[in-house]
file target-v2.cif (mmCIF, C-alpha atoms and all ligand atoms)
data_run
loop_
_atom_site.label_atom_id
_atom_site.label_comp_id
_atom_site.auth_asym_id
_atom_site.auth_seq_id
_atom_site.Cartn_x
_atom_site.Cartn_y
_atom_site.Cartn_z
CA MET Q 1 -61.63 107.11 16.88
CA THR Q 2 -61.91 107.20 13.10
CA GLY Q 3 -65.28 105.45 12.88
CA THR Q 4 -65.22 103.08 9.92
CA GLY Q 5 -61.84 104.38 8.76
CA ASN Q 6 -60.88 107.33 6.61
CA TRP Q 7 -61.34 108.41 3.04
CA THR Q 8 -58.78 109.70 0.66
CA TRP Q 9 -60.03 111.31 -2.56
CA LEU Q 10 -58.41 110.69 -5.93
CA ILE Q 11 -58.83 113.32 -8.65
CA PRO Q 12 -57.80 111.94 -12.05
CA GLY Q 13 -56.65 114.12 -14.94
CA ARG Q 14 -53.63 116.11 -16.04
CA VAL Q 15 -52.38 116.53 -12.47
CA THR Q 16 -53.46 113.32 -10.77
CA THR Q 17 -54.10 114.35 -7.20
CA LEU Q 18 -54.76 112.46 -3.99
CA ILE Q 19 -56.33 114.32 -1.09
CA ASP Q 20 -54.93 112.99 2.18
CA ALA Q 21 -52.26 110.35 2.45
CA GLY Q 22 -54.00 107.78 4.66
CA THR Q 23 -51.89 105.63 6.93
CA GLY Q 24 -49.81 103.58 4.51
CA LEU Q 25 -52.01 100.51 4.95
CA ASP Q 26 -51.23 97.97 2.24
CA GLN Q 27 -54.92 97.68 1.39
CA HIS Q 28 -55.07 101.41 0.70
CA LEU Q 29 -51.90 101.43 -1.41
CA GLN Q 30 -53.28 98.59 -3.55
CA ALA Q 31 -56.69 100.23 -3.92
CA LEU Q 32 -54.96 103.43 -5.01
CA GLU Q 33 -52.91 101.57 -7.62
CA ARG Q 34 -56.08 100.00 -9.03
CA ALA Q 35 -57.80 103.39 -9.14
CA LEU Q 36 -54.79 104.99 -10.85
CA ALA Q 37 -54.98 102.31 -13.57
CA GLY Q 38 -51.46 103.04 -14.75
CA ALA Q 39 -51.62 106.84 -14.39
CA SER Q 40 -48.86 108.37 -12.31
CA LEU Q 41 -49.67 110.12 -9.07
CA ALA Q 42 -48.55 113.76 -9.40
CA GLN Q 43 -49.31 115.12 -5.94
CA VAL Q 44 -50.78 114.47 -2.52
CA LEU Q 45 -52.59 117.33 -0.76
CA VAL Q 46 -52.79 116.71 2.98
CA THR Q 47 -55.54 118.39 5.00
CA HIS Q 48 -53.64 118.28 8.30
CA ALA Q 49 -50.85 116.46 10.12
CA HIS Q 50 -52.91 114.07 12.26
CA GLY Q 51 -51.70 110.50 11.80
CA ASP Q 52 -54.74 109.19 9.94
CA HIS Q 53 -54.28 111.84 7.22
CA ALA Q 54 -50.51 112.23 6.96
CA SER Q 55 -48.71 109.15 8.26
CA GLY Q 56 -49.07 107.30 4.95
CA ALA Q 57 -46.95 109.90 3.13
CA PRO Q 58 -43.64 107.99 3.31
CA ALA Q 59 -45.27 104.76 2.04
CA LEU Q 60 -46.84 106.70 -0.86
CA ALA Q 61 -43.52 108.41 -1.61
CA ALA Q 62 -41.80 105.01 -1.81
CA ARG Q 63 -44.36 103.67 -4.31
CA HIS Q 64 -44.82 106.90 -6.28
CA PRO Q 65 -41.38 108.53 -6.45
CA GLY Q 66 -42.62 111.36 -8.71
CA ALA Q 67 -45.35 112.53 -6.33
CA ARG Q 68 -45.11 115.89 -4.57
CA PHE Q 69 -46.46 116.32 -1.03
CA LEU Q 70 -48.15 119.56 -0.09
CA LYS Q 71 -49.71 120.88 3.10
CA MET Q 72 -49.82 123.91 5.35
CA PRO Q 73 -46.72 123.69 7.55
CA TRP Q 74 -46.92 122.46 11.14
CA PRO Q 75 -43.20 121.79 11.57
CA GLU Q 76 -43.26 119.86 14.89
CA ARG Q 77 -45.78 117.38 13.47
CA ASP Q 78 -44.75 117.30 9.80
CA SER Q 79 -41.28 116.05 10.71
CA LYS Q 80 -42.87 112.82 12.00
CA TRP Q 81 -43.68 111.86 8.41
CA PRO Q 82 -40.42 112.42 6.54
CA VAL Q 83 -41.23 113.40 2.96
CA PRO Q 84 -40.15 116.68 1.31
CA TRP Q 85 -43.28 118.64 2.27
CA GLU Q 86 -44.00 121.70 0.14
CA PRO Q 87 -45.83 124.53 1.89
CA LEU Q 88 -49.40 125.54 1.10
CA ALA Q 89 -50.95 128.79 2.34
CA ASP Q 90 -54.49 130.07 2.64
CA GLY Q 91 -55.99 131.11 -0.69
CA MET Q 92 -53.44 129.33 -2.85
CA SER Q 93 -54.73 127.87 -6.13
CA ILE Q 94 -53.57 124.35 -6.86
CA ALA Q 95 -53.93 122.71 -10.28
CA SER Q 96 -55.56 119.36 -9.49
CA GLY Q 97 -56.88 116.83 -11.98
CA ASP Q 98 -58.00 119.02 -14.88
CA GLU Q 99 -59.33 121.68 -12.54
CA THR Q 100 -58.19 124.08 -9.84
CA LEU Q 101 -58.64 123.74 -6.10
CA VAL Q 102 -58.21 126.57 -3.61
CA ALA Q 103 -56.68 125.99 -0.17
CA ILE Q 104 -58.92 127.30 2.62
CA HIS Q 105 -57.25 127.56 6.03
CA THR Q 106 -59.74 126.17 8.54
CA PRO Q 107 -57.89 125.79 11.87
CA GLY Q 108 -59.47 124.57 15.10
CA HIS Q 109 -59.40 120.78 14.92
CA ALA Q 110 -55.71 121.23 14.05
CA PRO Q 111 -53.73 124.46 13.52
CA ASP Q 112 -52.64 123.46 10.01
CA HIS Q 113 -56.06 122.30 8.81
CA LEU Q 114 -56.91 123.05 5.19
CA CYS Q 115 -60.06 122.38 3.21
CA PHE Q 116 -59.83 122.29 -0.58
CA TRP Q 117 -62.50 124.16 -2.51
CA HIS Q 118 -63.66 123.42 -6.04
CA GLU Q 119 -65.64 126.50 -7.00
CA ALA Q 120 -67.15 125.19 -10.25
CA SER Q 121 -68.95 122.30 -8.54
CA ARG Q 122 -69.20 124.03 -5.14
CA THR Q 123 -67.51 120.99 -3.62
CA LEU Q 124 -65.52 121.30 -0.42
CA PHE Q 125 -63.00 118.60 0.42
CA GLY Q 126 -63.49 119.01 4.14
CA GLY Q 127 -60.82 116.91 5.89
CA ASP Q 128 -61.88 116.77 9.53
CA LEU Q 129 -63.95 119.97 9.51
CA ALA Q 130 -67.16 117.94 9.64
CA VAL Q 131 -68.17 114.30 10.12
CA LYS Q 132 -71.82 113.54 9.52
CA GLY Q 133 -73.66 112.14 12.55
CA THR Q 134 -71.04 113.08 15.11
CA THR Q 135 -69.04 116.03 16.34
CA VAL Q 136 -65.41 116.81 15.61
CA VAL Q 137 -62.84 116.57 18.40
CA ILE Q 138 -60.96 119.76 19.30
CA PRO Q 139 -57.89 118.24 20.99
CA SER Q 140 -56.53 120.85 23.41
CA ASN Q 141 -53.44 118.67 23.93
CA LEU Q 142 -52.68 118.91 20.19
CA SER Q 143 -53.18 122.64 19.65
CA GLY Q 144 -56.94 122.35 19.06
CA ASP Q 145 -58.74 125.70 19.34
CA LEU Q 146 -62.51 125.97 19.63
CA THR Q 147 -62.65 129.71 18.85
CA ALA Q 148 -60.73 129.08 15.64
CA TYR Q 149 -62.91 126.06 14.83
CA LEU Q 150 -66.14 128.07 15.11
CA ALA Q 151 -64.66 130.75 12.83
CA SER Q 152 -63.67 128.00 10.37
CA LEU Q 153 -67.23 126.64 10.33
CA GLU Q 154 -68.50 130.14 9.53
CA ARG Q 155 -65.91 130.49 6.83
CA ALA Q 156 -66.93 127.19 5.22
CA LEU Q 157 -70.60 128.20 5.40
CA ALA Q 158 -69.82 131.49 3.64
CA LEU Q 159 -68.57 129.49 0.64
CA ARG Q 160 -72.09 128.06 0.30
CA PRO Q 161 -70.86 124.56 -0.56
CA ALA Q 162 -73.29 122.21 -2.33
CA ARG Q 163 -71.53 119.16 -0.92
CA LEU Q 164 -68.74 118.35 1.43
CA LEU Q 165 -66.47 115.35 0.93
CA PRO Q 166 -65.15 114.52 4.41
CA ALA Q 167 -62.25 112.35 5.54
CA HIS Q 168 -64.56 110.25 7.74
CA GLY Q 169 -68.15 109.14 7.33
CA PRO Q 170 -70.64 109.64 4.51
CA VAL Q 171 -70.59 112.39 1.89
CA ILE Q 172 -72.39 115.45 3.23
CA ASP Q 173 -75.04 116.61 0.74
CA ASP Q 174 -76.47 119.24 3.10
CA PRO Q 175 -73.34 121.00 4.36
CA GLU Q 176 -75.21 124.10 5.45
CA THR Q 177 -77.47 122.07 7.80
CA VAL Q 178 -74.55 120.08 9.19
CA LEU Q 179 -72.26 123.09 9.72
CA ARG Q 180 -75.03 125.16 11.30
CA GLY Q 181 -75.88 122.16 13.49
CA TYR Q 182 -72.28 122.09 14.74
CA ILE Q 183 -72.35 125.77 15.63
CA GLU Q 184 -75.64 125.26 17.49
CA HIS Q 185 -74.33 122.15 19.29
CA ARG Q 186 -71.27 124.05 20.53
CA ARG Q 187 -73.47 126.90 21.72
CA GLU Q 188 -75.62 124.45 23.72
CA ARG Q 189 -72.54 122.72 25.14
CA GLU Q 190 -71.14 126.09 26.18
CA GLU Q 191 -74.38 126.86 28.07
CA GLN Q 192 -74.07 123.50 29.86
CA ILE Q 193 -70.48 124.21 30.84
CA LEU Q 194 -71.37 127.67 32.15
CA GLU Q 195 -74.16 126.02 34.17
CA ALA Q 196 -71.74 123.39 35.53
CA LEU Q 197 -69.40 126.21 36.62
CA ARG Q 198 -72.32 127.96 38.31
CA GLN Q 199 -73.10 124.68 40.13
CA GLY Q 200 -69.55 124.72 41.47
CA ASP Q 201 -67.80 122.22 39.21
CA SER Q 202 -64.22 123.43 39.08
CA ASP Q 203 -62.35 120.73 37.23
CA PRO Q 204 -62.91 119.25 33.76
CA ASP Q 205 -63.36 115.70 35.11
CA ALA Q 206 -66.32 116.77 37.22
CA MET Q 207 -67.87 118.39 34.14
CA VAL Q 208 -67.27 115.27 32.05
CA ALA Q 209 -69.00 113.20 34.76
CA ARG Q 210 -71.94 115.62 34.73
CA LEU Q 211 -72.31 116.25 30.99
CA TYR Q 212 -71.16 112.96 29.49
CA ALA Q 213 -72.61 110.52 32.04
CA ARG Q 214 -73.84 108.20 29.29
CA VAL Q 215 -70.64 108.22 27.22
CA GLU Q 216 -68.50 105.05 27.26
CA ASP Q 217 -65.36 105.25 29.37
CA ALA Q 218 -63.12 104.82 26.32
CA LEU Q 219 -64.44 108.11 24.90
CA LYS Q 220 -64.16 110.10 28.14
CA PRO Q 221 -60.64 111.39 27.38
CA MET Q 222 -62.04 112.94 24.18
CA ALA Q 223 -64.96 114.40 26.10
CA ARG Q 224 -62.43 115.89 28.51
CA GLU Q 225 -60.56 117.51 25.61
CA SER Q 226 -63.81 119.03 24.42
CA VAL Q 227 -64.62 120.43 27.88
CA ILE Q 228 -61.12 121.95 28.12
CA ALA Q 229 -61.53 123.48 24.64
CA HIS Q 230 -64.74 125.16 25.83
CA LEU Q 231 -63.15 126.36 29.09
CA ARG Q 232 -60.23 127.91 27.20
CA LYS Q 233 -62.62 129.70 24.86
CA LEU Q 234 -64.58 131.05 27.86
CA GLU Q 235 -61.31 132.06 29.54
CA ARG Q 236 -60.22 133.96 26.45
CA GLU Q 237 -63.56 135.74 26.41
CA GLY Q 238 -63.25 136.67 30.09
CA ARG Q 239 -66.25 134.55 31.04
CA ALA Q 240 -64.35 131.89 33.02
CA GLY Q 241 -61.11 131.96 34.95
CA ARG Q 242 -58.84 129.58 36.80
CA ARG Q 243 -56.76 129.74 39.93
CA ASP Q 244 -54.13 127.02 39.87
CA GLU Q 245 -56.16 124.38 38.03
CA ALA Q 246 -59.54 125.20 39.60
CA TRP Q 247 -62.01 126.82 37.18
CA HIS Q 248 -64.65 129.35 38.13
CA ILE Q 249 -67.25 131.41 36.32
CA ILE Q 250 -66.81 135.15 35.81
CA ASP Q 251 -70.29 136.62 35.75
CA GLY Q 252 -70.54 140.01 34.32
ZN ZN D 1 -57.74 115.01 12.52
#
call {"tool": "encode", "arguments": {"input": "target-v2.cif", "output": "structure tokens", "more": "lines below"}}
Ligand SMILES: [Zn+2]
result
Amino acid sequence: MTGTGNWTWLIPGRVTTLIDAGTGLDQHLQALERALAGASLAQVLVTHAHGDHASGAPALAARHPGARFLKMPWPERDSKWPVPWEPLADGMSIASGDETLVAIHTPGHAPDHLCFWHEASRTLFGGDLAVKGTTVVIPSNLSGDLTAYLASLERALALRPARLLPAHGPVIDDPETVLRGYIEHRREREEQILEALRQGDSDPDAMVARLYARVEDALKPMARESVIAHLRKLEREGRAGRRDEAWHIIDG
């Protein structure tokens, strides 16, 4: 699910900062130590509490006892990775390296999702907001929210980033194209789901079978989450409804 793995970003300087904690893999801890070259890790900024970004926090805390751990609170999830989390909020400035980053709340993929913005270089540390070459999962079973995600994409676009450093996949040198592409993709997918409802599909599995016929079985549960995310958005907008668990279109 994480493609070729996940990136963490190390910012050297006065306040040596790591963005995302990884998973505590020994290989990562050793690579970090080499990159630190004797410097001490001052803080870890975590983009969100999904396991591939946060679960390494205890292993990092054990190796770097002076490090602080900061993220936007998501209490039910944060308690899975027991370190003394310090709360971040939208708009907060955080001294990082020799510079300042600003926390940008970008919920949707996860309710606690933050991007970190470096104004001077117009660099956005994007977490899971965008992954080049693929779409981002909005897991309805883990408080994913498509309406919030679309608003977060717009918010990131409004920053006019010159590059986006993601947690998965290659560096994004054309963030505007990628973010606009996501918005367009979701709009097309929404049209397809409305059409499936018009054709009489009433449950997400039928829609997955129709819209994701060529997707491998292993990825179908994620496709299902995406369909449910769309249905909930349409429901909130009064364009789809459900009786028991059977969905129908509301034309108006
Ligand atoms: Zn994630």
call {"tool": "residues_near_point", "arguments": {"input": "target-v2.cif", "point": "(-48.5, 122.2, 10.6)", "cutoff": "10 Å", "atoms": "only C-alpha atoms", "output": "number ranges by chain"}}
result
Q: 47-50, 71-79, 87, 110-113
call {"tool": "atom_distance", "arguments": {"input": "target-v2.cif", "atom1": "CA of Leu124 (chain Q)", "atom2": "CA of Asp173 (chain Q)"}}
result
10.7 Å
call {"tool": "closest_residue", "arguments": {"input": "target-v2.cif", "among": "Q:Ala62, Q:Ala54, Q:Ile172, Q:Ala229", "to": "ligand ZN 1 (chain D)", "atoms": "all atoms listed in the file"}}
result
Q:Ala54
call {"tool": "atom_distance", "arguments": {"input": "target-v2.cif", "atom1": "CA of Arg180 (chain Q)", "atom2": "CA of Asp205 (chain Q)"}}
result
28.2 Å
call {"tool": "closest_residue", "arguments": {"input": "target-v2.cif", "among": "Q:Gln192, Q:Ser121, Q:Ser143, Q:Thr100", "to": "ligand ZN 1 (chain D)", "atoms": "all atoms listed in the file"}}
result
Q:Ser143
call {"tool": "atom_distance", "arguments": {"input": "target-v2.cif", "atom1": "CA of Glu99 (chain Q)", "atom2": "CA of Gly169 (chain Q)"}}
result
25.1 Å
call {"tool": "closest_residue", "arguments": {"input": "target-v2.cif", "among": "Q:Ile193, Q:Tyr149, Q:Ala31, Q:Ala213", "to": "Leu231 (chain Q)", "atoms": "only C-alpha atoms"}}
result
Q:Ile193
call {"tool": "residues_around", "arguments": {"input": "target-v2.cif", "residues": "Leu129 (chain Q)", "least_positions_apart": "2", "cutoff": "8 Å", "atoms": "all atoms listed in the file", "output": "number ranges by chain"}}
result
Q: 106, 109, 115, 126-127, 131, 136, 153, 166
call {"tool": "write_last_selection", "arguments": {"input": "target-v2.cif", "atoms": "C-alpha atoms", "output": "short mmCIF file (atom, residue, chain, number, x, y, z; two decimals), keeping the file's coordinate frame"}}
result
data_model
loop_
_atom_site.label_atom_id
_atom_site.label_comp_id
_atom_site.auth_asym_id
_atom_site.auth_seq_id
_atom_site.Cartn_x
_atom_site.Cartn_y
_atom_site.Cartn_z
CA THR Q 106 -59.74 126.17 8.54
CA HIS Q 109 -59.40 120.78 14.92
CA CYS Q 115 -60.06 122.38 3.21
CA GLY Q 126 -63.49 119.01 4.14
CA GLY Q 127 -60.82 116.91 5.89
CA VAL Q 131 -68.17 114.30 10.12
CA VAL Q 136 -65.41 116.81 15.61
CA LEU Q 153 -67.23 126.64 10.33
CA PRO Q 166 -65.15 114.52 4.41
#
call {"tool": "closest_residue", "arguments": {"input": "target-v2.cif", "among": "Q:Ile94, Q:Val46, Q:Ile249, Q:Val102", "to": "ligand ZN 1 (chain D)", "atoms": "only C-alpha atoms and all ligand atoms"}}
result
Q:Val46
call {"tool": "residues_around", "arguments": {"input": "target-v2.cif", "residues": "region 2-13 of chain Q", "least_positions_apart": "3", "cutoff": "6 Å", "atoms": "all atoms listed in the file", "output": "list in words"}}
result
Thr16, Thr17, Leu18, Ile19, Asp20, Gly97, Asp98, Ala167 and His168 of chain Q
call {"tool": "closest_residue", "arguments": {"input": "target-v2.cif", "among": "Q:Gly22, Q:Asp174, Q:Leu164, Q:Ser40", "to": "ligand ZN 1 (chain D)", "atoms": "only C-alpha atoms and all ligand atoms"}}
result
Q:Gly22
call {"tool": "residues_around", "arguments": {"input": "target-v2.cif", "residues": "Leu159 (chain Q)", "least_positions_apart": "4", "cutoff": "9 Å", "atoms": "all atoms listed in the file", "output": "list in words"}}
result
Trp117, Glu119, Arg122, Leu124, Glu154 and Arg155 of chain Q
call {"tool": "closest_residue", "arguments": {"input": "target-v2.cif", "among": "Q:Ala240, Q:Ala148, Q:Val44, Q:Ala156", "to": "Leu179 (chain Q)", "atoms": "all atoms listed in the file"}}
result
Q:Ala156
call {"tool": "residues_around", "arguments": {"input": "target-v2.cif", "residues": "Glu176 (chain Q)", "least_positions_apart": "6", "cutoff": "9 Å", "atoms": "only C-alpha atoms", "output": "PyMOL selection string"}}
result
chain Q and resi 156-157+160-163
call {"tool": "residues_near_point", "arguments": {"input": "target-v2.cif", "point": "(-60.3, 112.5, 28.8)", "cutoff": "12 Å", "atoms": "only C-alpha atoms", "output": "list of chain:residue names"}}
result
Q:Val137, Q:Ile138, Q:Pro139, Q:Ser140, Q:Asn141, Q:Asp203, Q:Pro204, Q:Asp205, Q:Ala206, Q:Met207, Q:Val208, Q:Ala209, Q:Tyr212, Q:Val215, Q:Glu216, Q:Asp217, Q:Ala218, Q:Leu219, Q:Lys220, Q:Pro221, Q:Met222, Q:Ala223, Q:Arg224, Q:Glu225, Q:Ser226, Q:Val227, Q:Ile228, Q:Ala229
call {"tool": "residues_around", "arguments": {"input": "target-v2.cif", "residues": "Lys233 (chain Q)", "least_positions_apart": "5", "cutoff": "8 Å", "atoms": "all atoms listed in the file", "output": "PyMOL selection string"}}
result
chain Q and resi 145-147
call {"tool": "write_last_selection", "arguments": {"input": "target-v2.cif", "atoms": "C-alpha atoms", "output": "mmCIF file, keeping the file's coordinate frame"}}
result
data_model
loop_
_atom_site.group_PDB
_atom_site.id
_atom_site.type_symbol
_atom_site.label_atom_id
_atom_site.label_comp_id
_atom_site.auth_asym_id
_atom_site.auth_seq_id
_atom_site.Cartn_x
_atom_site.Cartn_y
_atom_site.Cartn_z
ATOM 1 C CA ASP Q 145 -58.740 125.700 19.340
ATOM 2 C CA LEU Q 146 -62.510 125.970 19.630
ATOM 3 C CA THR Q 147 -62.650 129.710 18.850
#
call {"tool": "build_atoms", "arguments": {"input": "target-v2.cif", "residues": "region 53-78 of chain Q", "atoms": "N, CA, C and O atoms", "output": "compact mmCIF listing (two decimals), in the coordinates of the input"}}
result
# COMPACT_ATOMS: atom_id res chain seq x y z
N HIS Q 53 -54.27 111.10 8.48
CA HIS Q 53 -54.28 111.84 7.22
C HIS Q 53 -52.90 111.97 6.59
O HIS Q 53 -52.79 112.17 5.38
N ALA Q 54 -51.86 111.90 7.44
CA ALA Q 54 -50.51 112.23 6.96
C ALA Q 54 -49.51 111.09 7.07
O ALA Q 54 -48.52 111.07 6.35
N SER Q 55 -49.77 110.12 7.96
CA SER Q 55 -48.71 109.15 8.26
C SER Q 55 -48.40 108.23 7.08
O SER Q 55 -47.34 107.61 7.04
N GLY Q 56 -49.32 108.14 6.11
CA GLY Q 56 -49.07 107.30 4.95
C GLY Q 56 -48.15 107.94 3.92
O GLY Q 56 -47.79 107.30 2.92
N ALA Q 57 -47.75 109.19 4.14
CA ALA Q 57 -46.95 109.90 3.13
C ALA Q 57 -45.66 109.16 2.75
O ALA Q 57 -45.38 108.99 1.55
N PRO Q 58 -44.87 108.69 3.72
CA PRO Q 58 -43.64 107.99 3.31
C PRO Q 58 -43.91 106.74 2.47
O PRO Q 58 -43.18 106.48 1.50
N ALA Q 59 -44.95 105.96 2.83
CA ALA Q 59 -45.27 104.76 2.04
C ALA Q 59 -45.68 105.15 0.62
O ALA Q 59 -45.31 104.48 -0.36
N LEU Q 60 -46.44 106.23 0.48
CA LEU Q 60 -46.84 106.70 -0.86
C LEU Q 60 -45.62 107.18 -1.64
O LEU Q 60 -45.48 106.91 -2.84
N ALA Q 61 -44.73 107.90 -0.95
CA ALA Q 61 -43.52 108.41 -1.61
C ALA Q 61 -42.67 107.27 -2.14
O ALA Q 61 -42.08 107.36 -3.23
N ALA Q 62 -42.61 106.16 -1.38
CA ALA Q 62 -41.80 105.01 -1.81
C ALA Q 62 -42.39 104.38 -3.07
O ALA Q 62 -41.65 103.97 -3.97
N ARG Q 63 -43.72 104.31 -3.15
CA ARG Q 63 -44.36 103.67 -4.31
C ARG Q 63 -44.52 104.61 -5.49
O ARG Q 63 -44.68 104.16 -6.63
N HIS Q 64 -44.58 105.91 -5.21
CA HIS Q 64 -44.82 106.90 -6.28
C HIS Q 64 -43.74 107.96 -6.19
O HIS Q 64 -43.98 109.08 -5.71
N PRO Q 65 -42.53 107.62 -6.67
CA PRO Q 65 -41.38 108.53 -6.45
C PRO Q 65 -41.55 109.91 -7.09
O PRO Q 65 -40.91 110.85 -6.66
N GLY Q 66 -42.45 110.04 -8.08
CA GLY Q 66 -42.62 111.36 -8.71
C GLY Q 66 -43.59 112.26 -7.97
O GLY Q 66 -43.74 113.44 -8.32
N ALA Q 67 -44.28 111.74 -6.97
CA ALA Q 67 -45.35 112.53 -6.33
C ALA Q 67 -44.78 113.63 -5.44
O ALA Q 67 -43.79 113.43 -4.74
N ARG Q 68 -45.45 114.79 -5.48
CA ARG Q 68 -45.11 115.89 -4.57
C ARG Q 68 -46.08 115.82 -3.38
O ARG Q 68 -47.21 115.34 -3.52
N PHE Q 69 -45.64 116.35 -2.26
CA PHE Q 69 -46.46 116.32 -1.03
C PHE Q 69 -46.63 117.74 -0.53
O PHE Q 69 -45.65 118.43 -0.28
N LEU Q 70 -47.89 118.17 -0.43
CA LEU Q 70 -48.15 119.56 -0.09
C LEU Q 70 -49.11 119.67 1.08
O LEU Q 70 -50.11 118.95 1.15
N LYS Q 71 -48.82 120.58 1.98
CA LYS Q 71 -49.71 120.88 3.10
C LYS Q 71 -49.32 122.21 3.72
O LYS Q 71 -48.24 122.73 3.44
N MET Q 72 -50.21 122.73 4.57
CA MET Q 72 -49.82 123.91 5.35
C MET Q 72 -48.84 123.45 6.43
O MET Q 72 -49.10 122.46 7.11
N PRO Q 73 -47.73 124.16 6.60
CA PRO Q 73 -46.72 123.69 7.55
C PRO Q 73 -47.19 123.66 9.01
O PRO Q 73 -47.90 124.55 9.46
N TRP Q 74 -46.83 122.60 9.68
CA TRP Q 74 -46.92 122.46 11.14
C TRP Q 74 -45.65 121.71 11.51
O TRP Q 74 -45.67 120.49 11.70
N PRO Q 75 -44.52 122.42 11.58
CA PRO Q 75 -43.20 121.79 11.57
C PRO Q 75 -43.02 120.67 12.60
O PRO Q 75 -42.49 119.60 12.27
N GLU Q 76 -43.48 120.89 13.85
CA GLU Q 76 -43.26 119.86 14.89
C GLU Q 76 -43.91 118.54 14.51
O GLU Q 76 -43.42 117.48 14.86
N ARG Q 77 -45.06 118.61 13.83
CA ARG Q 77 -45.78 117.38 13.47
C ARG Q 77 -45.29 116.84 12.12
O ARG Q 77 -45.14 115.64 11.96
N ASP Q 78 -45.07 117.75 11.16
CA ASP Q 78 -44.75 117.30 9.80
C ASP Q 78 -43.47 116.45 9.79
O ASP Q 78 -43.35 115.52 8.98
